[in-house]
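To keep things clear, I will list the structure first and then write my remarks on it.
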Amino acid sequence: MNATRASHALVLDMDLDRSARLAAILRERGYQAAQMQGVGAALAMCAIVPFTVIFVGQLPADHNAASMCRTLRQTSNSAIIALIETTETSHVTDLLDAGATDVLTFSTENPERLLLRVLVSERRVATQSHAEAMLRAIPDIVFRIHASGEFLSVHVSNVNDLYAAPRDVVGRKVAEVLPPPVATLCLNGMRRAVDKGEVEIFTYSLDVPGGPQDFEARLVPAGPDEVVAVVRNITDRTQAQTLGRANVTLAAEVAERRRAEQALRVSEAKWRSLVENCPDLIATVDVAGRVDFANRWAERRPAPEGATLFDLVPTSVHSTLRAVLDRVFSGGGAETLNAEDPTSQRVHSWELRLAPIADQGRVSRAVVIARDCAERRAVEAERARMQERLWTSQRRANLGLLAAGVAHDFNNQLTAILGGASVALLKLPEDGSARRAIETLVPAARRASELSQRLLAYSGTAKIEKRNLDLSTQVRDLILLLHAAIPNAIELNLNLAADLPPIAGDVPQIQQLIMNLVVNAAEAIGEQRGVIAVRTSQTVVDDTLPKLYRGEPVAPGYYVSLEVDDTGCGMDEATLDKVFEPHFSTKATGRGLGLAVVSDMVKNHGGALNVASQPGQGTKFRVLFPAASSELDVKKSDPAPPNTSSGTVLIVDDEHLLRRAATEIIEHFGYTALEAADGRAAVAVFERHAKEIDVVVLDMTMPGLSGEEVYTRIKALEPTAQIILSSGFSESEARRRFKGTDLAGFLQKPYTAEQLAQAIEKAMT
């Protein structure tokens with residue numbers, strides 16, 4: 001326990017040994033201690049040196065300690081400690097009444113206790129000085145009155161307001177000093193104040209040296225046997241009330257003051273609520289960064305006692321924070337600091353805003369608003385990832401639309417090629433060289449048609465046609481498309497079994513199912529590095545195999561298995577329960593990119609689907625397809641060419657080459673062909689030749705009037721008109737769009753001469 005810098009102490013003691021020991025203890029604790037024996041010299045020294053503590057011990061014979069304490073108290077604000085030899089109560093009381101701050105018997109055995117008494121005395125004097133300063137600032141008269149009615153002390157700023165001189169008041173009874181009516185009011189009010197523990201107020205008038213005056217007395221209980229009376233001269237107020245002039249103004253001022261106080265309380269409550277409930281840390285700090293106030297953020301996230309701003313931020317930004325504090329406390333303005341260390345593993349990432357708090361032109365504190373930005377930045381990063389996923393989804397959807405459009409146009413060209421080649425084969429001799437050249441076009445066109453079907457599979461609009469398939473081959477055929485559909489950071493591993501038994505499947509749907517599972521796995525991994533593993537194998541299901549997903553049993557037998565594993569984010573149980581529900585798909589209806597579509601495709605193929613996943617451990621999808629019998633036709637054979645016939649057929653298509661090829665086919669089989677390049681032309685041609693036209697071959701997608709609109713208008717002209725719908729899209733998609741109509745047939749593009757002739761012949765029968 002050391003003294004503050006430049007603390008002075010005076011030891012006034014004739015006992016030289018005690019004086020020396022006491023001074024030595026004080027010096028060891030940082031005091032500049034002076035030793036004196038003469039009273040006069042000591043008083044002169046006190047007038048020069050601002051002693052914080054004065055020890056009064058043994059004095060010369062013509063002086064006593066009580067009078068010395070009284071003299072020192074009148075001339076000094078120092079702590080006065082009387083050194084005594086005896087603890088007799090009356091002696092101690094005399095010293096304390098004379099102005100001593102403390103009395104003690106000196107002992108060197110416990111210097112820390114001595115210094116503690118010194119510190120307490122110094123603080124007591126400082127507190128008393130503050131109280132006296134506040135008392136001197138009060139313009140009112142302040143009395144301390146014992147419950148017995150004796151005046152203990154008096155403070156007065158204007159002696160003209162006092163009924164009697166201070167020396168004639170202290171130590172006397174109320175009834176001895178004040179006139180009887182006023183004394184009675186005072187004594188009765190004192191009793192009520194002491195009994196109730198509440199402030200009592202009364203007014204009275206007195207003829208004082210300043211003339212007749214009106215006073216208001218407030219009696220405040222100060223313990224069980226003492227009352228503090230605060231007396232205010234209210235002569236001006238009573239005169240204003242008497243004259244009746246200031247009443248309205250005074251009432252307005254009082255009301256305004258109350259409104260101001262109420263507004264202040266409301267404003268204070270708002271700001272307090274705002275500060276206390278703010279999710280950010282709001283604190284005040286000193287120049288060293290020590291926190292001396294913090295809002296409830298500190299309660300929600302407790303910090304070590306004595307924490308500083310430097311405890312909140314990474315070590316790497318301590319020097320920057322120190323520089324910011326120096327600038328703020330040197331008179332600079334508000335500053336912002338981003339306290340984030342990219343290499344740190346700390347949970348918080350702070351954004352600090354520091355502003356100075358000026359007190360009489362000097363910056364003594366700074367207010368700090370510290371915001372933990374880690375969560376916000378994580379949300380921003382997640383938003384960016386979600387935006388990227390959305391863009392990726394939109395790109396894939398657009399790619400699906402583009403694929404459908406390309407496939408549609410491609411199918412039109414293939415229809416012209418395949419139809420023209422097939423009708424040429426019908427016209428050429430069996431052994432001609434030209435026939436052999438044409439024969440190479442047909443299988444080439446068919447293979448090109450399969451490519452078109454893959455594009456339609458991606459867009460979800462392919463025709464369903466089951467045939468025996470090798471599952472491993474289907475995966476291999478999609479390798480390029482799979483690599484294009486997943487980010488470069490994801491590795492695609494294939495483990496495809498050879499010599500698998502065939503499965504009965506529709507090529508576009510099987511390929512779409514594979515695509516959907518791989519794309520779903522890629523989305524689970526996101527933009528991180530990861531691995532997608534695709535495996536095919538043969539498996540046997542017996543009665544010991546557990547039920548698969550959603551409790552659906554698997555019939556015993558031979559199956560071909562497709563497994564797609566990923567190292568993505570995984571799913572919890574709640575998500576697994578709903579993963580195949582349609583509303584969990586984030587893709588547009590009919591795009592075929594959702595897991596709900598995968599589930600439907602598996603059911604369409606008589607298979608079973610299982611999924612296993614845990615958060616953070618990736619996901620495994622397993623699809624079982626029943627092994628097909630080898631007798632299932634790999635592909636339907638072309639229908640036998642019909643016999644030649646007669647009739648009129650209207651070909652409606654916006655592709656010129658396709659119309660020419662279809663016309664050649666129709667005329668080859670003995671029909672009369674009419675052509676229309678768009679929907680409006682088709683309606684016009686049908687109006688002119690309605691009695692002649694037997695069959696309309698209508699393209700589903702055309703500029704201007706759509707296929708549905710043309711169908712409706714032709715049926716309005718001739719309800720019994722036979723209309724065959726032709727499209728590169730699947731028959732199910734076409735019939736969905738023409739739901740509720742009586743189509744005479746559906747012709748999948750590209751088609752051969754035989755298929756077109758068979759469809760026309762069927763419609764006419």
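Note on naming: chains are A, B, ... as they come in the structure tokens, residues start from 1 per chain, ligands start from 1 in the order shown.
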Worksheet item: If we count only C-alpha atoms, what is near Ile532 in chain A at a cut-off of 9 Å, once residues fewer than 5 positions away on the same chain are taken out, given as a PyMOL selection string?
Response: chain A and resi 490-494+518+521-522+525+564-568
Worksheet entry | Contacts of Gly557 in chain A within 9 Å, only C-alpha atoms, excl. fewer than 3 positions in-chain, as a list in words | Thr539, Val540, Val541, Asp542, Val554, Pro626 and Ala627 of chain A
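Summary of the local environment: counting only C-alpha atoms, residues at most 6 Å from range 173-189 of chain A, other than itself and those fewer than 5 positions away along its chain, are Gly149, Glu150 and Glu200 of chain A.
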Could you take the residues named above and write them with N, CA, C and O atoms, as a short mmCIF file (atom, residue, chain, number, x, y, z; two decimals), in the first residue's frame?
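The resulting file, again-v6.cif, is shown below:
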```cif
data_model
loop_
_atom_site.label_atom_id
_atom_site.label_comp_id
_atom_site.auth_asym_id
_atom_site.auth_seq_id
_atom_site.Cartn_x
_atom_site.Cartn_y
_atom_site.Cartn_z
N GLY A 149 -34.12 18.41 20.06
CA GLY A 149 -34.36 19.80 19.73
C GLY A 149 -33.12 20.66 19.77
O GLY A 149 -33.20 21.88 19.54
N GLU A 150 -31.93 20.07 19.99
CA GLU A 150 -30.69 20.85 20.07
C GLU A 150 -30.09 21.01 18.68
O GLU A 150 -29.99 20.07 17.90
N GLU A 200 -40.78 16.08 5.93
CA GLU A 200 -41.86 16.97 6.36
C GLU A 200 -41.55 18.38 5.87
O GLU A 200 -40.40 18.84 5.97
#
```
Worksheet item: Which one is closest to Ser646 in chain A: A:Ala608, A:Val317, A:Met764, A:Leu624? Count only C-alpha atoms.
Response: A:Met764
Item to complete: Can you check which residues of range 196-278 of chain A DSSP gives as helix (DSSP H, G or I) on the backbone and send them as a ChimeraX atom specification?
Response: /A:196,235-243,247-276
Worksheet item: Residues at most 9 Å from range 99-113 of chain A, counting only C-alpha atoms, excluding those fewer than 5 positions away in the same chain, as number ranges by chain?
Response: A: 1, 18, 21-22, 25, 66, 69-74, 78-87, 92, 94, 118, 120-122, 124-125
